[in-house]
file my_file-v3.pdb (PDB, C-alpha atoms, pLDDT in the B column)
ATOM      1  CA  MET A   1      43.184  -1.705  58.791  1.00 75.00           C
ATOM      2  CA  GLY A   2      42.950  -3.014  55.237  1.00 87.00           C
ATOM      3  CA  GLN A   3      39.976  -3.427  52.942  1.00 94.00           C
ATOM      4  CA  MET A   4      37.613  -6.305  53.775  1.00 97.00           C
ATOM      5  CA  VAL A   5      36.576  -8.573  50.880  1.00 97.00           C
ATOM      6  CA  ASP A   6      34.106 -11.475  51.012  1.00 98.00           C
ATOM      7  CA  PHE A   7      34.658 -14.745  49.174  1.00 98.00           C
ATOM      8  CA  THR A   8      32.442 -17.771  48.559  1.00 98.00           C
ATOM      9  CA  MET A   9      33.951 -21.160  49.468  1.00 98.00           C
ATOM     10  CA  GLU A  10      32.145 -24.383  48.575  1.00 96.00           C
ATOM     11  CA  ARG A  11      33.978 -26.869  50.821  1.00 95.00           C
ATOM     12  CA  GLU A  12      34.558 -26.673  54.541  1.00 94.00           C
ATOM     13  CA  GLY A  13      38.007 -26.381  56.076  1.00 95.00           C
ATOM     14  CA  LEU A  14      40.042 -25.053  53.138  1.00 96.00           C
ATOM     15  CA  VAL A  15      40.952 -21.908  55.110  1.00 97.00           C
ATOM     16  CA  LYS A  16      40.427 -20.784  58.691  1.00 97.00           C
ATOM     17  CA  PRO A  17      40.630 -17.468  60.555  1.00 98.00           C
ATOM     18  CA  GLY A  18      44.229 -16.296  60.878  1.00 98.00           C
ATOM     19  CA  ASP A  19      45.407 -17.981  57.657  1.00 98.00           C
ATOM     20  CA  ARG A  20      47.587 -15.836  55.386  1.00 98.00           C
ATOM     21  CA  ILE A  21      46.399 -16.085  51.781  1.00 98.00           C
ATOM     22  CA  GLU A  22      47.441 -15.015  48.285  1.00 98.00           C
ATOM     23  CA  LEU A  23      45.010 -13.893  45.605  1.00 98.00           C
ATOM     24  CA  LYS A  24      44.826 -14.241  41.834  1.00 97.00           C
ATOM     25  CA  GLU A  25      43.297 -11.249  40.016  1.00 97.00           C
ATOM     26  CA  ASP A  26      41.084 -11.566  36.930  1.00 97.00           C
ATOM     27  CA  ARG A  27      39.159  -8.977  34.937  1.00 96.00           C
ATOM     28  CA  ALA A  28      35.821  -9.120  33.155  1.00 95.00           C
ATOM     29  CA  SER A  29      34.376  -6.591  30.738  1.00 94.00           C
ATOM     30  CA  THR A  30      30.683  -6.178  31.579  1.00 90.00           C
ATOM     31  CA  MET A  31      27.897  -3.818  30.590  1.00 92.00           C
ATOM     32  CA  SER A  32      28.763  -1.909  33.799  1.00 87.00           C
ATOM     33  CA  GLY A  33      32.382  -1.535  32.696  1.00 93.00           C
ATOM     34  CA  LEU A  34      35.575  -3.333  33.668  1.00 96.00           C
ATOM     35  CA  MET A  35      35.160  -5.415  36.839  1.00 97.00           C
ATOM     36  CA  TYR A  36      37.769  -7.213  38.928  1.00 97.00           C
ATOM     37  CA  TYR A  37      37.333 -10.511  40.731  1.00 97.00           C
ATOM     38  CA  TYR A  38      39.700 -12.517  42.862  1.00 98.00           C
ATOM     39  CA  THR A  39      40.380 -16.153  43.686  1.00 98.00           C
ATOM     40  CA  ILE A  40      42.113 -17.321  46.865  1.00 97.00           C
ATOM     41  CA  LYS A  41      44.998 -19.450  45.578  1.00 96.00           C
ATOM     42  CA  ASP A  42      44.741 -22.340  44.713  1.00 92.00           C
ATOM     43  CA  ALA A  43      41.066 -22.189  43.715  1.00 93.00           C
ATOM     44  CA  VAL A  44      39.897 -22.150  47.351  1.00 95.00           C
ATOM     45  CA  ALA A  45      37.244 -19.407  47.147  1.00 97.00           C
ATOM     46  CA  MET A  46      36.075 -16.656  44.784  1.00 97.00           C
ATOM     47  CA  SER A  47      35.066 -13.035  45.349  1.00 97.00           C
ATOM     48  CA  GLY A  48      32.201 -11.168  43.763  1.00 95.00           C
ATOM     49  CA  ASN A  49      32.904  -8.455  41.201  1.00 94.00           C
ATOM     50  CA  LEU A  50      34.676  -5.318  42.411  1.00 95.00           C
ATOM     51  CA  ARG A  51      34.769  -2.014  40.535  1.00 94.00           C
ATOM     52  CA  LYS A  52      38.323  -1.129  41.599  1.00 95.00           C
ATOM     53  CA  PRO A  53      41.380  -3.397  41.688  1.00 96.00           C
ATOM     54  CA  LEU A  54      42.926  -4.295  45.028  1.00 96.00           C
ATOM     55  CA  VAL A  55      46.256  -2.654  45.854  1.00 93.00           C
ATOM     56  CA  LYS A  56      47.762  -5.865  47.288  1.00 96.00           C
ATOM     57  CA  LEU A  57      47.131  -9.518  46.475  1.00 97.00           C
ATOM     58  CA  THR A  58      47.753 -10.830  49.992  1.00 97.00           C
ATOM     59  CA  GLY A  59      45.706 -10.817  53.176  1.00 97.00           C
ATOM     60  CA  THR A  60      44.505 -12.584  56.296  1.00 98.00           C
ATOM     61  CA  VAL A  61      41.304 -14.584  56.750  1.00 98.00           C
ATOM     62  CA  THR A  62      39.285 -12.903  59.500  1.00 98.00           C
ATOM     63  CA  GLN A  63      36.223 -15.161  59.567  1.00 97.00           C
ATOM     64  CA  VAL A  64      34.561 -18.156  57.938  1.00 98.00           C
ATOM     65  CA  VAL A  65      30.762 -18.265  58.260  1.00 97.00           C
ATOM     66  CA  PRO A  66      28.672 -21.270  57.167  1.00 96.00           C
ATOM     67  CA  GLU A  67      25.692 -20.348  54.979  1.00 95.00           C
ATOM     68  CA  THR A  68      23.003 -22.620  53.500  1.00 92.00           C
ATOM     69  CA  SER A  69      25.187 -24.357  50.901  1.00 94.00           C
ATOM     70  CA  VAL A  70      28.481 -22.404  51.014  1.00 97.00           C
ATOM     71  CA  TYR A  71      30.924 -20.788  53.419  1.00 97.00           C
ATOM     72  CA  MET A  72      31.453 -17.021  53.385  1.00 98.00           C
ATOM     73  CA  VAL A  73      35.117 -16.150  53.918  1.00 98.00           C
ATOM     74  CA  THR A  74      36.080 -12.597  54.889  1.00 97.00           C
ATOM     75  CA  VAL A  75      39.646 -11.517  54.132  1.00 98.00           C
ATOM     76  CA  GLU A  76      41.392  -8.373  55.296  1.00 97.00           C
ATOM     77  CA  ILE A  77      43.574  -7.269  52.403  1.00 97.00           C
ATOM     78  CA  ASP A  78      47.063  -6.034  53.285  1.00 95.00           C
ATOM     79  CA  ASP A  79      47.339  -2.266  52.957  1.00 89.00           C
ATOM     80  CA  GLU A  80      51.142  -2.026  53.052  1.00 73.00           C
TER      81      GLU A  80
END

call {"tool": "encode", "arguments": {"input": "my_file-v3.pdb", "output": "structure tokens"}}
result
Amino acid sequence: MGQMVDFTMEREGLVKPGDRIELKEDRASTMSGLMYYYTIKDAVAMSGNLRKPLVKLTGTVTQVVPETSVYMVTVEIDDE
């Protein structure tokens, strides 16, 4: 089982459970050090900051949960 990463999606229906996705990696230098954040291509949803980079930039959507004003998307990152 791969690493699970949560993303914030602002519009409904852009991805659904079972969808295969690709990620774009970006880096930010913060007071806490170098952080990594990811966007589901093409600008579908964005992750929070992660301290370590992901090994793979592909994965599978496992769930989409509606919140107050956004949708939380959980992605299982490929481990091989």

call {"tool": "residues_around", "arguments": {"input": "my_file-v3.pdb", "residues": "region 63-65 of chain A", "least_positions_apart": "2", "cutoff": "7 Å", "atoms": "all atoms listed in the file", "output": "number ranges by chain"}}
result
A: 16-17, 61, 67, 71-74

call {"tool": "resolve_selection", "arguments": {"input": "my_file-v3.pdb", "expression": "the PyMOL selection byres ((chain A and resi 36) around 12)", "output": "PyMOL selection string"}}
result
chain A and resi 23-30+32-35+37-39+46-55

call {"tool": "resolve_selection", "arguments": {"input": "my_file-v3.pdb", "expression": "the PyMOL selection byres ((chain A and resi 3) around 7)", "output": "ChimeraX atom specification"}}
result
/A:1-2,4-5,76-77

call {"tool": "axis_aligned_box", "arguments": {"input": "my_file-v3.pdb", "around": "region 67-79 of chain A", "padding_each_side": "5 Å", "output": "lines of an AutoDock Vina configuration file"}}
result
center_x = 35.2
center_y = -13.3
center_z = 53.1
size_x = 34.3
size_y = 32.1
size_z = 14.4

call {"tool": "resolve_selection", "arguments": {"input": "my_file-v3.pdb", "expression": "the PyMOL selection byres ((chain A and resi 21) around 7)", "output": "VMD selection string"}}
result
chain A and resid 19 to 20 22 to 23 40 58 to 60

call {"tool": "atom_distance", "arguments": {"input": "my_file-v3.pdb", "atom1": "CA of Asp42 (chain A)", "atom2": "CA of Glu12 (chain A)"}}
result
14.8 Å

call {"tool": "atom_distance", "arguments": {"input": "my_file-v3.pdb", "atom1": "CA of Val70 (chain A)", "atom2": "CA of Leu57 (chain A)"}}
result
23.1 Å

call {"tool": "atom_distance", "arguments": {"input": "my_file-v3.pdb", "atom1": "CA of Asp78 (chain A)", "atom2": "CA of Gly13 (chain A)"}}
result
22.4 Å
